[in-house]
>>> print(open('structure09.cif').read())   # mmCIF, C-alpha atoms
data_work
loop_
_atom_site.label_atom_id
_atom_site.label_comp_id
_atom_site.auth_asym_id
_atom_site.auth_seq_id
_atom_site.Cartn_x
_atom_site.Cartn_y
_atom_site.Cartn_z
CA MET A 1 -1.25 -7.50 -146.58
CA THR A 2 1.28 -4.70 -146.24
CA ARG A 3 2.92 -3.77 -149.52
CA GLY A 4 6.39 -5.14 -150.05
CA VAL A 5 9.37 -3.29 -151.49
CA ARG A 6 9.11 -3.29 -155.28
CA ILE A 7 12.39 -3.42 -157.20
CA GLY A 8 12.76 -3.36 -160.96
CA GLY A 9 15.65 -5.10 -162.70
CA GLY A 10 16.40 -2.65 -165.47
CA LEU A 11 19.58 -4.06 -166.98
CA GLY A 12 21.29 -7.45 -167.19
CA TYR A 13 24.61 -6.42 -168.70
CA TRP A 14 26.42 -3.47 -170.24
CA GLY A 15 24.87 -3.14 -173.70
CA ASP A 16 21.40 -4.31 -172.69
CA ASP A 17 18.18 -2.50 -173.73
CA THR A 18 18.64 1.10 -172.55
CA SER A 19 14.92 1.84 -172.88
CA ALA A 20 13.89 -0.77 -170.29
CA PRO A 21 14.91 1.14 -167.13
CA GLY A 22 12.82 4.19 -167.99
CA ARG A 23 9.83 2.05 -168.78
CA LEU A 24 10.09 0.35 -165.38
CA VAL A 25 10.32 3.72 -163.62
CA ARG A 26 7.29 5.12 -165.43
CA GLU A 27 5.03 2.07 -165.65
CA ALA A 28 5.87 -0.52 -162.99
CA ASP A 29 5.14 1.29 -159.70
CA ILE A 30 8.58 0.45 -158.30
CA ASP A 31 10.43 1.81 -155.29
CA TYR A 32 13.91 0.99 -156.57
CA LEU A 33 15.53 0.55 -159.95
CA VAL A 34 18.50 -1.81 -159.90
CA MET A 35 20.85 -2.23 -162.86
CA ASP A 36 23.70 -4.70 -163.31
CA PHE A 37 26.35 -3.62 -165.84
CA LEU A 38 29.33 -5.78 -164.99
CA ALA A 39 30.69 -9.13 -166.12
CA GLU A 40 34.14 -10.51 -165.34
CA VAL A 41 35.78 -9.36 -168.56
CA THR A 42 34.01 -5.97 -168.38
CA MET A 43 36.26 -4.89 -165.50
CA SER A 44 39.37 -5.47 -167.58
CA ILE A 45 37.94 -3.54 -170.51
CA LEU A 46 37.09 -0.64 -168.24
CA ARG A 47 40.57 -0.74 -166.70
CA LYS A 48 42.08 -0.41 -170.18
CA GLN A 49 39.85 2.57 -170.89
CA MET A 50 40.86 4.26 -167.66
CA THR A 51 44.59 3.84 -168.38
CA ARG A 52 44.02 5.83 -171.58
CA ASN A 53 41.69 8.40 -169.99
CA SER A 54 41.55 8.95 -166.23
CA ASP A 55 37.95 10.17 -166.50
CA ALA A 56 36.83 6.88 -168.12
CA GLY A 57 36.54 3.40 -166.60
CA TYR A 58 32.79 3.26 -166.02
CA ALA A 59 29.86 1.97 -168.07
CA THR A 60 28.93 4.98 -170.17
CA ASP A 61 25.44 3.64 -170.97
CA ILE A 62 24.40 4.88 -167.54
CA LEU A 63 24.27 8.46 -168.83
CA PRO A 64 21.73 8.01 -171.66
CA ILE A 65 19.71 5.73 -169.38
CA LEU A 66 19.53 8.40 -166.68
CA ARG A 67 18.95 11.15 -169.21
CA ASP A 68 15.79 9.24 -170.09
CA CYS A 69 14.52 8.38 -166.62
CA LEU A 70 16.22 10.38 -163.84
CA SER A 71 13.63 13.17 -163.76
CA ASP A 72 10.81 10.63 -163.64
CA ALA A 73 12.61 8.70 -160.90
CA VAL A 74 12.87 11.85 -158.79
CA ASP A 75 9.19 12.69 -159.36
CA ARG A 76 8.15 9.16 -158.34
CA ASN A 77 10.65 8.83 -155.48
CA VAL A 78 12.36 5.86 -157.17
CA ARG A 79 15.90 5.28 -155.93
CA ILE A 80 18.48 3.97 -158.36
CA ILE A 81 21.23 1.46 -157.50
CA CYS A 82 23.71 0.19 -160.07
CA ASN A 83 27.27 -1.05 -160.47
CA ALA A 84 27.95 1.14 -163.50
CA GLY A 85 30.92 2.63 -161.65
CA GLY A 86 33.15 -0.19 -162.90
CA VAL A 87 36.73 0.69 -161.96
CA ASN A 88 35.94 4.41 -161.60
CA PRO A 89 32.85 4.91 -159.42
CA LEU A 90 33.98 8.41 -158.45
CA GLY A 91 34.24 9.47 -162.08
CA CYS A 92 30.86 7.94 -162.80
CA ALA A 93 29.30 9.76 -159.85
CA ARG A 94 30.74 13.08 -161.02
CA ALA A 95 29.32 12.52 -164.51
CA ILE A 96 25.88 11.76 -163.05
CA ARG A 97 26.10 14.82 -160.83
CA ALA A 98 26.80 16.95 -163.92
CA LEU A 99 23.87 15.33 -165.75
CA ALA A 100 21.54 16.04 -162.83
CA ALA A 101 22.56 19.70 -162.93
CA GLU A 102 22.02 19.82 -166.69
CA LEU A 103 18.52 18.37 -166.21
CA GLY A 104 17.74 21.04 -163.61
CA LEU A 105 17.36 18.54 -160.79
CA GLY A 106 19.86 20.25 -158.48
CA ASP A 107 19.68 19.13 -154.88
CA ALA A 108 16.89 16.66 -155.67
CA VAL A 109 19.60 14.18 -156.65
CA VAL A 110 22.16 12.92 -154.15
CA VAL A 111 24.71 10.63 -155.79
CA ALA A 112 26.75 8.14 -153.77
CA ALA A 113 29.87 6.40 -155.03
CA VAL A 114 30.94 3.14 -153.40
CA THR A 115 34.64 2.31 -153.56
CA GLY A 116 37.02 -0.22 -152.03
CA ASP A 117 36.53 -3.24 -154.29
CA ASP A 118 39.47 -2.36 -156.59
CA LEU A 119 42.42 -4.32 -155.24
CA MET A 120 44.99 -3.59 -157.94
CA PRO A 121 46.97 -1.15 -155.75
CA ARG A 122 46.93 -3.59 -152.81
CA LEU A 123 48.10 -6.93 -154.23
CA ASP A 124 51.63 -6.66 -152.79
CA GLU A 125 50.11 -5.74 -149.44
CA PHE A 126 47.98 -8.89 -149.48
CA LEU A 127 50.99 -11.05 -150.29
CA GLY A 128 52.88 -9.45 -147.44
CA ARG A 129 50.02 -10.30 -145.10
CA GLY A 130 50.16 -13.96 -146.08
CA VAL A 131 47.32 -14.09 -148.62
CA GLU A 132 48.36 -16.58 -151.31
CA LEU A 133 46.12 -15.30 -154.16
CA THR A 134 46.06 -18.80 -155.66
CA ASN A 135 43.80 -19.42 -158.67
CA ILE A 136 40.85 -21.15 -156.98
CA GLU A 137 39.80 -22.98 -160.16
CA THR A 138 43.16 -24.37 -161.30
CA GLY A 139 45.30 -24.26 -158.14
CA GLU A 140 48.04 -22.35 -159.97
CA PRO A 141 50.23 -20.16 -157.75
CA TYR A 142 49.99 -16.40 -157.99
CA SER A 143 53.62 -16.26 -159.13
CA THR A 144 52.32 -17.44 -162.53
CA VAL A 145 50.71 -14.05 -163.14
CA ALA A 146 52.52 -11.78 -160.67
CA GLY A 147 52.96 -8.34 -162.15
CA ARG A 148 50.71 -9.14 -165.12
CA LEU A 149 47.19 -8.57 -163.81
CA ALA A 150 45.10 -6.06 -165.72
CA SER A 151 42.35 -5.89 -163.10
CA ALA A 152 41.49 -7.31 -159.68
CA ASN A 153 38.16 -6.52 -158.05
CA ALA A 154 36.60 -8.08 -154.97
CA TYR A 155 32.91 -8.96 -154.99
CA VAL A 156 31.76 -6.88 -152.02
CA GLY A 157 28.35 -7.06 -150.39
CA ALA A 158 25.36 -4.93 -149.48
CA ASP A 159 26.78 -3.06 -146.45
CA SER A 160 27.96 -0.06 -148.45
CA VAL A 161 24.63 0.18 -150.32
CA VAL A 162 22.81 0.30 -146.98
CA GLU A 163 25.17 3.01 -145.77
CA ALA A 164 24.62 5.09 -148.90
CA LEU A 165 20.84 4.87 -148.49
CA GLU A 166 21.08 5.78 -144.82
CA ARG A 167 23.05 8.89 -145.80
CA GLY A 168 20.29 10.02 -148.15
CA ALA A 169 21.51 8.97 -151.58
CA ASN A 170 18.89 8.38 -154.25
CA VAL A 171 21.38 7.39 -156.97
CA ILE A 172 24.08 4.90 -155.96
CA VAL A 173 26.92 3.83 -158.27
CA THR A 174 29.29 1.09 -157.21
CA GLY A 175 32.18 -0.91 -158.52
CA ARG A 176 32.15 -4.70 -158.19
CA VAL A 177 29.33 -5.03 -155.67
CA ALA A 178 27.99 -8.55 -156.22
CA ASP A 179 24.97 -8.61 -158.53
CA PRO A 180 22.29 -9.71 -156.01
CA SER A 181 23.78 -7.52 -153.28
CA LEU A 182 22.56 -4.40 -155.10
CA THR A 183 18.99 -5.55 -154.47
CA LEU A 184 19.73 -6.88 -151.00
CA GLY A 185 21.06 -3.48 -149.93
CA ALA A 186 17.72 -1.85 -150.70
CA LEU A 187 15.81 -4.58 -148.85
CA ARG A 188 18.02 -4.41 -145.78
CA TYR A 189 17.53 -0.66 -145.63
CA GLU A 190 13.76 -0.72 -146.15
CA HIS A 191 12.95 -3.70 -143.95
CA GLY A 192 15.59 -3.10 -141.29
CA TRP A 193 17.05 -6.57 -141.73
CA LYS A 194 20.16 -7.13 -139.66
CA SER A 195 23.41 -8.35 -141.21
CA ASN A 196 23.09 -11.73 -139.44
CA GLU A 197 19.44 -12.56 -140.18
CA TRP A 198 20.50 -15.28 -142.55
CA ASP A 199 17.12 -16.50 -143.79
CA LEU A 200 16.01 -12.98 -144.65
CA LEU A 201 19.32 -12.11 -146.27
CA ALA A 202 19.05 -15.28 -148.33
CA ALA A 203 15.55 -14.29 -149.47
CA GLY A 204 16.83 -10.88 -150.49
CA THR A 205 19.69 -12.52 -152.35
CA VAL A 206 17.23 -14.74 -154.22
CA GLY A 207 15.24 -11.63 -155.15
CA GLY A 208 18.40 -10.01 -156.46
CA HIS A 209 19.47 -13.13 -158.33
CA LEU A 210 16.09 -13.31 -160.06
CA ILE A 211 16.38 -9.84 -161.59
CA GLU A 212 20.15 -9.52 -162.08
CA CYS A 213 20.02 -10.80 -165.69
CA GLY A 214 17.18 -8.55 -166.76
CA ALA A 215 14.76 -10.11 -169.23
CA HIS A 216 16.28 -13.59 -168.97
CA VAL A 217 13.77 -14.29 -166.21
CA THR A 218 10.85 -12.88 -168.21
CA GLY A 219 11.16 -15.21 -171.19
CA GLY A 220 14.36 -14.00 -172.82
CA ASN A 221 16.77 -16.89 -173.43
CA HIS A 222 14.00 -19.24 -172.25
CA GLN A 223 15.11 -22.83 -172.78
CA ALA A 224 12.03 -24.84 -171.86
CA ALA A 225 9.49 -23.29 -174.24
CA TRP A 226 10.98 -20.31 -176.06
CA GLN A 227 8.45 -20.66 -178.87
CA ASP A 228 5.61 -19.98 -176.43
CA VAL A 229 6.95 -16.63 -175.21
CA PRO A 230 4.60 -13.89 -176.47
CA ASP A 231 5.81 -10.69 -178.12
CA MET A 232 9.54 -11.09 -177.44
CA ALA A 233 10.21 -7.93 -179.45
CA ASP A 234 8.55 -5.96 -176.64
CA ILE A 235 9.79 -8.11 -173.78
CA GLY A 236 9.16 -6.77 -170.29
CA PHE A 237 11.80 -6.56 -167.58
CA PRO A 238 11.42 -8.12 -164.13
CA VAL A 239 9.98 -6.68 -160.95
CA VAL A 240 10.35 -8.38 -157.57
CA GLU A 241 8.22 -7.43 -154.61
CA VAL A 242 9.88 -8.61 -151.41
CA PHE A 243 8.10 -8.55 -148.07
CA ALA A 244 9.57 -8.12 -144.60
CA ASP A 245 9.15 -11.85 -143.87
CA GLY A 246 11.14 -12.85 -146.98
CA ARG A 247 8.21 -13.71 -149.25
CA ILE A 248 8.95 -12.85 -152.89
CA LEU A 249 6.63 -12.07 -155.78
CA LEU A 250 8.09 -11.97 -159.28
CA GLY A 251 6.38 -10.14 -162.13
CA LYS A 252 7.35 -7.86 -165.01
CA THR A 253 6.69 -4.52 -166.66
CA PRO A 254 2.91 -4.13 -167.12
CA ASN A 255 1.44 -4.49 -170.61
CA SER A 256 4.67 -5.85 -172.04
CA GLY A 257 5.71 -8.97 -173.90
CA GLY A 258 7.55 -11.86 -172.38
CA LEU A 259 6.52 -14.41 -169.80
CA VAL A 260 6.87 -15.05 -166.08
CA ASP A 261 6.00 -18.56 -164.95
CA GLU A 262 7.50 -21.39 -162.93
CA GLN A 263 9.82 -22.44 -165.75
CA THR A 264 11.30 -19.01 -166.47
CA THR A 265 11.72 -18.45 -162.74
CA ILE A 266 13.44 -21.77 -162.08
CA GLU A 267 15.73 -21.37 -165.09
CA GLN A 268 17.02 -18.07 -163.71
CA LEU A 269 17.24 -19.43 -160.16
CA LEU A 270 19.54 -22.21 -161.41
CA TYR A 271 21.78 -19.85 -163.37
CA GLU A 272 25.40 -19.81 -162.12
CA ILE A 273 24.61 -20.98 -158.59
CA GLY A 274 27.12 -23.81 -158.10
CA ASP A 275 26.19 -25.75 -154.96
CA PRO A 276 22.40 -25.33 -154.54
CA THR A 277 22.67 -25.92 -150.80
CA ALA A 278 25.10 -23.05 -150.38
CA TYR A 279 24.98 -20.34 -153.03
CA LEU A 280 27.78 -18.12 -151.78
CA SER A 281 27.56 -14.36 -151.88
CA PRO A 282 29.41 -11.74 -149.84
CA ASP A 283 26.36 -11.44 -147.57
CA VAL A 284 25.07 -14.97 -146.94
CA ALA A 285 25.21 -18.62 -147.98
CA SER A 286 21.75 -19.27 -149.44
CA ASP A 287 20.08 -22.68 -149.63
CA TRP A 288 18.17 -23.15 -152.90
CA THR A 289 16.78 -26.55 -151.85
CA THR A 290 14.34 -25.26 -149.23
CA MET A 291 12.38 -22.81 -151.36
CA SER A 292 9.05 -23.25 -153.11
CA VAL A 293 8.14 -21.72 -156.46
CA ARG A 294 4.52 -21.50 -157.64
CA GLU A 295 2.45 -19.48 -160.08
CA ILE A 296 -0.27 -17.47 -158.38
CA GLY A 297 -1.54 -15.51 -161.37
CA LYS A 298 -0.77 -14.42 -164.90
CA ASP A 299 2.91 -13.43 -165.06
CA LEU A 300 3.11 -13.64 -161.28
CA VAL A 301 5.17 -16.19 -159.34
CA GLU A 302 5.60 -16.57 -155.58
CA ILE A 303 8.85 -17.78 -154.00
CA THR A 304 8.85 -18.74 -150.32
CA GLY A 305 10.84 -20.83 -147.85
CA VAL A 306 14.31 -19.50 -148.63
CA THR A 307 16.86 -20.23 -145.90
CA GLY A 308 20.43 -19.16 -145.35
CA ARG A 309 23.57 -19.69 -143.30
CA PRO A 310 26.42 -17.39 -142.22
CA ARG A 311 28.33 -15.65 -144.97
CA PRO A 312 31.81 -16.86 -145.98
CA GLU A 313 34.86 -15.38 -144.29
CA THR A 314 36.47 -14.68 -147.66
CA LEU A 315 35.54 -12.60 -150.67
CA LYS A 316 35.97 -13.76 -154.23
CA VAL A 317 38.21 -11.60 -156.38
CA SER A 318 37.68 -11.43 -160.13
CA ALA A 319 41.02 -10.74 -161.80
CA ALA A 320 42.24 -10.89 -165.38
CA TYR A 321 45.62 -10.83 -167.08
CA PRO A 322 46.89 -10.44 -170.66
CA ASP A 323 47.35 -13.89 -172.18
CA GLY A 324 48.52 -13.44 -175.74
CA TYR A 325 46.43 -12.65 -178.80
CA SER A 326 43.71 -14.25 -180.89
CA MET A 327 42.13 -13.76 -184.27
CA SER A 328 39.34 -15.29 -186.34
CA SER A 329 37.85 -15.11 -189.80
CA LEU A 330 34.70 -16.39 -191.54
CA PHE A 331 34.33 -17.49 -195.17
CA LEU A 332 31.01 -18.50 -196.72
CA TYR A 333 31.05 -21.11 -199.51
CA SER A 334 27.98 -21.75 -201.62
CA ALA A 335 26.67 -24.62 -203.73
CA PRO A 336 27.34 -26.68 -205.69
CA ASP A 337 29.41 -28.83 -203.32
CA ALA A 338 29.74 -26.18 -200.62
CA PRO A 339 31.29 -28.69 -198.13
CA GLY A 340 33.93 -29.72 -200.66
CA ARG A 341 34.88 -26.14 -201.40
CA ALA A 342 35.20 -25.35 -197.69
CA ARG A 343 37.36 -28.43 -197.05
CA LYS A 344 39.62 -27.59 -199.99
CA ALA A 345 40.03 -24.01 -198.78
CA GLN A 346 40.97 -25.29 -195.32
CA GLU A 347 43.55 -27.64 -196.84
CA ILE A 348 45.15 -24.85 -198.88
CA LEU A 349 45.25 -22.36 -196.01
CA GLN A 350 46.59 -24.92 -193.53
CA LEU A 351 49.51 -25.73 -195.86
CA ARG A 352 50.31 -22.07 -196.44
CA ILE A 353 50.25 -21.32 -192.70
CA ASP A 354 52.31 -24.40 -191.78
CA ARG A 355 55.13 -23.53 -194.16
CA LEU A 356 55.61 -20.17 -192.47
CA GLY A 357 56.87 -21.89 -189.30
CA LEU A 358 55.17 -19.38 -187.02
CA ASP A 359 54.72 -19.53 -183.26
CA ILE A 360 51.02 -20.38 -183.18
CA ASP A 361 49.83 -21.91 -179.91
CA GLU A 362 46.44 -23.08 -181.15
CA MET A 363 44.50 -23.22 -184.41
CA ARG A 364 40.92 -24.29 -184.97
CA TRP A 365 38.81 -24.89 -188.07
CA ASP A 366 35.02 -25.21 -187.95
CA HIS A 367 32.60 -26.01 -190.76
CA ILE A 368 29.45 -24.24 -189.65
CA GLY A 369 26.46 -25.83 -191.28
CA LEU A 370 27.90 -29.34 -191.01
CA GLY A 371 27.21 -29.84 -187.31
CA ALA A 372 30.28 -27.92 -186.08
CA VAL A 373 28.63 -26.99 -182.79
CA HIS A 374 28.12 -30.63 -181.83
CA GLU A 375 30.88 -32.39 -183.73
CA ARG A 376 33.06 -33.09 -180.69
CA ARG A 377 30.24 -34.76 -178.84
CA THR A 378 28.39 -36.51 -181.68
CA PRO A 379 30.68 -36.50 -184.73
CA HIS A 380 29.46 -37.16 -188.26
CA THR A 381 25.78 -36.84 -187.39
CA TYR A 382 24.99 -34.40 -190.20
CA THR A 383 23.24 -35.78 -193.28
CA GLY A 384 22.43 -34.03 -196.52
CA VAL A 385 24.29 -31.50 -198.65
CA PRO A 386 23.83 -27.88 -197.56
CA ASN A 387 23.72 -25.04 -200.02
CA GLU A 388 26.00 -22.97 -197.81
CA VAL A 389 28.85 -23.73 -195.42
CA VAL A 390 30.79 -21.23 -193.31
CA LEU A 391 34.48 -22.00 -192.85
CA ARG A 392 35.63 -20.50 -189.58
CA PHE A 393 39.29 -20.17 -188.71
CA ALA A 394 40.61 -19.11 -185.30
CA ALA A 395 44.12 -18.96 -183.90
CA ARG A 396 45.89 -17.92 -180.74
CA SER A 397 49.51 -16.93 -180.15
CA GLU A 398 51.77 -15.01 -177.83
CA SER A 399 52.96 -13.12 -180.90
CA ARG A 400 50.71 -10.50 -182.45
CA THR A 401 53.21 -10.22 -185.32
CA ASP A 402 52.86 -13.90 -186.17
CA LEU A 403 49.07 -13.63 -186.19
CA LYS A 404 49.32 -10.69 -188.56
CA ARG A 405 51.30 -12.90 -190.93
CA VAL A 406 48.59 -15.55 -190.67
CA ALA A 407 46.03 -12.90 -191.60
CA VAL A 408 47.97 -12.24 -194.82
CA GLU A 409 47.81 -15.93 -195.72
CA LEU A 410 44.07 -16.00 -195.07
CA SER A 411 43.60 -13.32 -197.69
CA THR A 412 44.97 -15.73 -200.29
CA VAL A 413 41.80 -17.78 -200.00
CA PHE A 414 40.64 -15.77 -203.02
CA HIS A 415 42.99 -17.98 -205.05
CA GLY A 416 41.27 -21.15 -203.81
CA PRO A 417 37.88 -22.67 -204.60
CA PRO A 418 35.25 -20.35 -206.12
CA GLY A 419 31.92 -19.39 -204.61
CA LYS A 420 33.39 -17.62 -201.58
CA THR A 421 32.11 -14.62 -199.65
CA THR A 422 34.12 -13.15 -196.77
CA LEU A 423 31.82 -12.56 -193.79
CA SER A 424 34.47 -10.79 -191.69
CA PRO A 425 35.04 -7.24 -192.99
CA GLY A 426 38.60 -6.48 -194.00
CA ARG A 427 41.66 -8.48 -193.05
CA ALA A 428 41.44 -10.45 -189.80
CA ARG A 429 42.91 -8.58 -186.83
CA ALA A 430 44.74 -9.87 -183.77
CA SER A 431 43.14 -8.85 -180.46
CA GLU A 432 44.54 -9.15 -176.97
CA VAL A 433 43.26 -12.10 -174.93
CA LEU A 434 42.38 -11.51 -171.29
CA SER A 435 42.30 -14.66 -169.16
CA TYR A 436 40.46 -15.07 -165.88
CA TRP A 437 42.19 -15.44 -162.51
CA PRO A 438 39.72 -15.95 -159.61
CA MET A 439 41.10 -15.85 -156.07
CA LEU A 440 40.02 -15.37 -152.45
CA VAL A 441 40.94 -12.74 -149.86
CA PRO A 442 39.85 -12.36 -146.22
CA ARG A 443 36.75 -10.18 -146.12
CA ASP A 444 38.18 -8.10 -143.24
CA PHE A 445 40.98 -6.96 -145.57
CA VAL A 446 38.54 -5.22 -147.93
CA PRO A 447 36.83 -2.19 -146.35
CA THR A 448 34.51 -0.13 -148.54
CA SER A 449 33.70 3.56 -148.38
CA VAL A 450 30.88 5.82 -149.53
CA GLU A 451 31.32 9.33 -150.92
CA LEU A 452 28.41 11.67 -151.65
CA PHE A 453 28.17 14.10 -154.53
#
>>> encode(input="structure09.cif", output="structure tokens")
Amino acid sequence: MTRGVRIGGGLGYWGDDTSAPGRLVREADIDYLVMDFLAEVTMSILRKQMTRNSDAGYATDILPILRDCLSDAVDRNVRIICNAGGVNPLGCARAIRALAAELGLGDAVVVAAVTGDDLMPRLDEFLGRGVELTNIETGEPYSTVAGRLASANAYVGADSVVEALERGANVIVTGRVADPSLTLGALRYEHGWKSNEWDLLAAGTVGGHLIECGAHVTGGNHQAAWQDVPDMADIGFPVVEVFADGRILLGKTPNSGGLVDEQTTIEQLLYEIGDPTAYLSPDVASDWTTMSVREIGKDLVEITGVTGRPRPETLKVSAAYPDGYSMSSLFLYSAPDAPGRARKAQEILQLRIDRLGLDIDEMRWDHIGLGAVHERRTPHTYTGVPNEVVLRFAARSESRTDLKRVAVELSTVFHGPPGKTTLSPGRARASEVLSYWPMLVPRDFVPTSVELF
């Protein structure tokens, strides 16, 4: 059988194992390295960074990752596709271009930056064109957050990745290209799949979805049998081999820890898909119910039978807005009578906070070690007397000043029951809360562009 296109999933999130991409490049015989850096809140964090420094706004981990593996990728003809560009793909591309020069790679590296997903400058334009920008989860009107958004990025599809590859790029950095679309772009380019071959696009989307969370599909975060996953300290990262007919093989870095079997594969397939008959992406609506998953060897799983339908006419926009402030603190109480000490401390602190008359929107107390994680669902199920209990306090307010005053009261816990250790260093600090605002825009309103460096 003709060899498929082999794509390594080198990163599942910004902050993931930075050694994994280089290992895939050097050991896994891949054609492409794909890395996913972005989560919903990440875009807002990057936007904040860019407002303070116009050269920032991208996932800086990309530079040490490429310092480790870019030369090897060039030697092995491995192309790299990632969404590390965040809200500043052009700045990210310039930084990679400078790194390539420093490494002596010169013209061997062609960097492409994909832009167009950042809709912050265009929100008024959309409103003027009749787009309502309603919160699709709550139904709230856009007027609720008008003028307050910190970020707004459309999930765009694989078209721009295909264009960048056609123009000769071997390192592609994007903004909010949808996670599986990074992989699909490589498959469309290599296999010549058309933008309306829905079954094939769905198969490519499944391949991208399998590797978008990195080692979660190779035994990391494995729910069914985590205790059976070998050598998790050296866990391998995933590799999909996708053939021109849509057949998918899933494996992992050779000679590594972790596990690839039907259970790990199905767990990742079910992650964040919503309606299994129509998993919506910018490129296709994929049907999860038609596929077959079977083990065909050690750490090797085959996925076949994926089908798809035409892509949606709208694109999802991930937006966020400032929504007040929050703070939290942790206090550890030890035996004897650790639960009683924690309860008494809560009582004292609650009274001191209440008498201040502050504008606190929400307060929460948890007794960790007494079933706090499950207490709302199955209250009072804990039996026994623990030697240690963690008292957790959290609060939220529109007023940072009021939360600072609460933090002062929390410090008085030293005058309460004995046997306390503060697990949070220093005085609790109020941090800005960013809340999520998902919305839809017509896909034709969001053109993308590719710039080479």
>>> residues_around(input="structure09.cif", residues="Cys82 (chain A)", least_positions_apart="6", cutoff="12 Å", atoms="only C-alpha atoms", output="number ranges by chain")
A: 8-14, 21, 32-38, 58-59, 61-62, 65-66, 89, 92-93, 111-114, 158, 161, 170-183, 185-186, 212
>>> resolve_selection(input="structure09.cif", expression="the PyMOL selection byres ((chain A and resi 228-237) around 8)", output="PyMOL selection string")
chain A and resi 8-10+20+24+214-215+218-220+225-227+238-239+252-254+256-259
>>> atom_distance(input="structure09.cif", atom1="CA of Leu452 (chain A)", atom2="CA of Thr115 (chain A)")
11.4 Å
>>> resolve_selection(input="structure09.cif", expression="the PyMOL selection byres ((chain A and resi 299) around 8)", output="PDB file with C-alpha atoms, in the frame of the given file")
ATOM      1  CA  LEU A 250       8.090 -11.970-159.280  1.00  0.00           C
ATOM      2  CA  GLY A 251       6.380 -10.140-162.130  1.00  0.00           C
ATOM      3  CA  LYS A 252       7.350  -7.860-165.010  1.00  0.00           C
ATOM      4  CA  LEU A 259       6.520 -14.410-169.800  1.00  0.00           C
ATOM      5  CA  VAL A 260       6.870 -15.050-166.080  1.00  0.00           C
ATOM      6  CA  ASP A 261       6.000 -18.560-164.950  1.00  0.00           C
ATOM      7  CA  GLU A 295       2.450 -19.480-160.080  1.00  0.00           C
ATOM      8  CA  GLY A 297      -1.540 -15.510-161.370  1.00  0.00           C
ATOM      9  CA  LYS A 298      -0.770 -14.420-164.900  1.00  0.00           C
ATOM     10  CA  LEU A 300       3.110 -13.640-161.280  1.00  0.00           C
ATOM     11  CA  VAL A 301       5.170 -16.190-159.340  1.00  0.00           C
TER      12      VAL A 301
END
>>> resolve_selection(input="structure09.cif", expression="the PyMOL selection byres ((chain A and resi 345-361) around 7)", output="number ranges by chain")
A: 341-344, 362, 396-397, 402, 406, 409-410, 413, 416-417
>>> residues_around(input="structure09.cif", residues="region 287-294 of chain A", least_positions_apart="5", cutoff="7 Å", atoms="only C-alpha atoms", output="PDB file with C-alpha atoms, in the frame of the given file")
ATOM      1  CA  GLU A 262       7.500 -21.390-162.930  1.00  0.00           C
ATOM      2  CA  PRO A 276      22.400 -25.330-154.540  1.00  0.00           C
ATOM      3  CA  THR A 277      22.670 -25.920-150.800  1.00  0.00           C
ATOM      4  CA  ALA A 278      25.100 -23.050-150.380  1.00  0.00           C
ATOM      5  CA  TYR A 279      24.980 -20.340-153.030  1.00  0.00           C
ATOM      6  CA  VAL A 301       5.170 -16.190-159.340  1.00  0.00           C
ATOM      7  CA  GLU A 302       5.600 -16.570-155.580  1.00  0.00           C
ATOM      8  CA  ILE A 303       8.850 -17.780-154.000  1.00  0.00           C
ATOM      9  CA  THR A 304       8.850 -18.740-150.320  1.00  0.00           C
ATOM     10  CA  GLY A 305      10.840 -20.830-147.850  1.00  0.00           C
ATOM     11  CA  VAL A 306      14.310 -19.500-148.630  1.00  0.00           C
ATOM     12  CA  THR A 307      16.860 -20.230-145.900  1.00  0.00           C
ATOM     13  CA  GLY A 308      20.430 -19.160-145.350  1.00  0.00           C
TER      14      GLY A 308
END
>>> atom_distance(input="structure09.cif", atom1="CA of Leu423 (chain A)", atom2="CA of Asp366 (chain A)")
14.3 Å
>>> closest_residue(input="structure09.cif", among="A:Asp31, A:Asp245, A:Asp75, A:Asp118", to="Ser318 (chain A)", atoms="only C-alpha atoms")
A:Asp118
>>> closest_residue(input="structure09.cif", among="A:Ser54, A:Thr422, A:Ser195, A:Asn387", to="Pro336 (chain A)", atoms="only C-alpha atoms")
A:Asn387
>>> residues_around(input="structure09.cif", residues="Arg429 (chain A)", least_positions_apart="3", cutoff="12 Å", atoms="all atoms listed in the file", output="ChimeraX atom specification")
/A:325-329,394-396,400-408,410-411,424-426,432
>>> residues_near_point(input="structure09.cif", point="(12.9, -25.5, -164.7)", cutoff="12 Å", atoms="all atoms listed in the file", output="list in words")
Val217, His222, Gln223, Ala224, Ala225, Asp261, Glu262, Gln263, Thr264, Thr265, Ile266, Glu267, Gln268, Leu269, Leu270, Tyr271, Val293 and Arg294 of chain A
>>> residues_around(input="structure09.cif", residues="Leu119 (chain A)", least_positions_apart="5", cutoff="10 Å", atoms="only C-alpha atoms", output="PyMOL selection string")
chain A and resi 124-126+151-154+317-319+446
>>> closest_residue(input="structure09.cif", among="A:Ala100, A:Ala84, A:Leu440, A:Ala73", to="Glu27 (chain A)", atoms="all atoms listed in the file")
A:Ala73
>>> atom_distance(input="structure09.cif", atom1="CA of Leu280 (chain A)", atom2="CA of Thr134 (chain A)")
18.7 Å
>>> closest_residue(input="structure09.cif", among="A:Ala98, A:Leu149, A:Val162, A:Leu90", to="Leu123 (chain A)", atoms="only C-alpha atoms")
A:Leu149
>>> axis_aligned_box(input="structure09.cif", around="region 423-435 of chain A", padding_each_side="3 Å", output="AutoDock Vina command-line options")
--center_x 38.3 --center_y -10.6 --center_z -181.6 --size_x 18.9 --size_y 14.2 --size_z 30.8
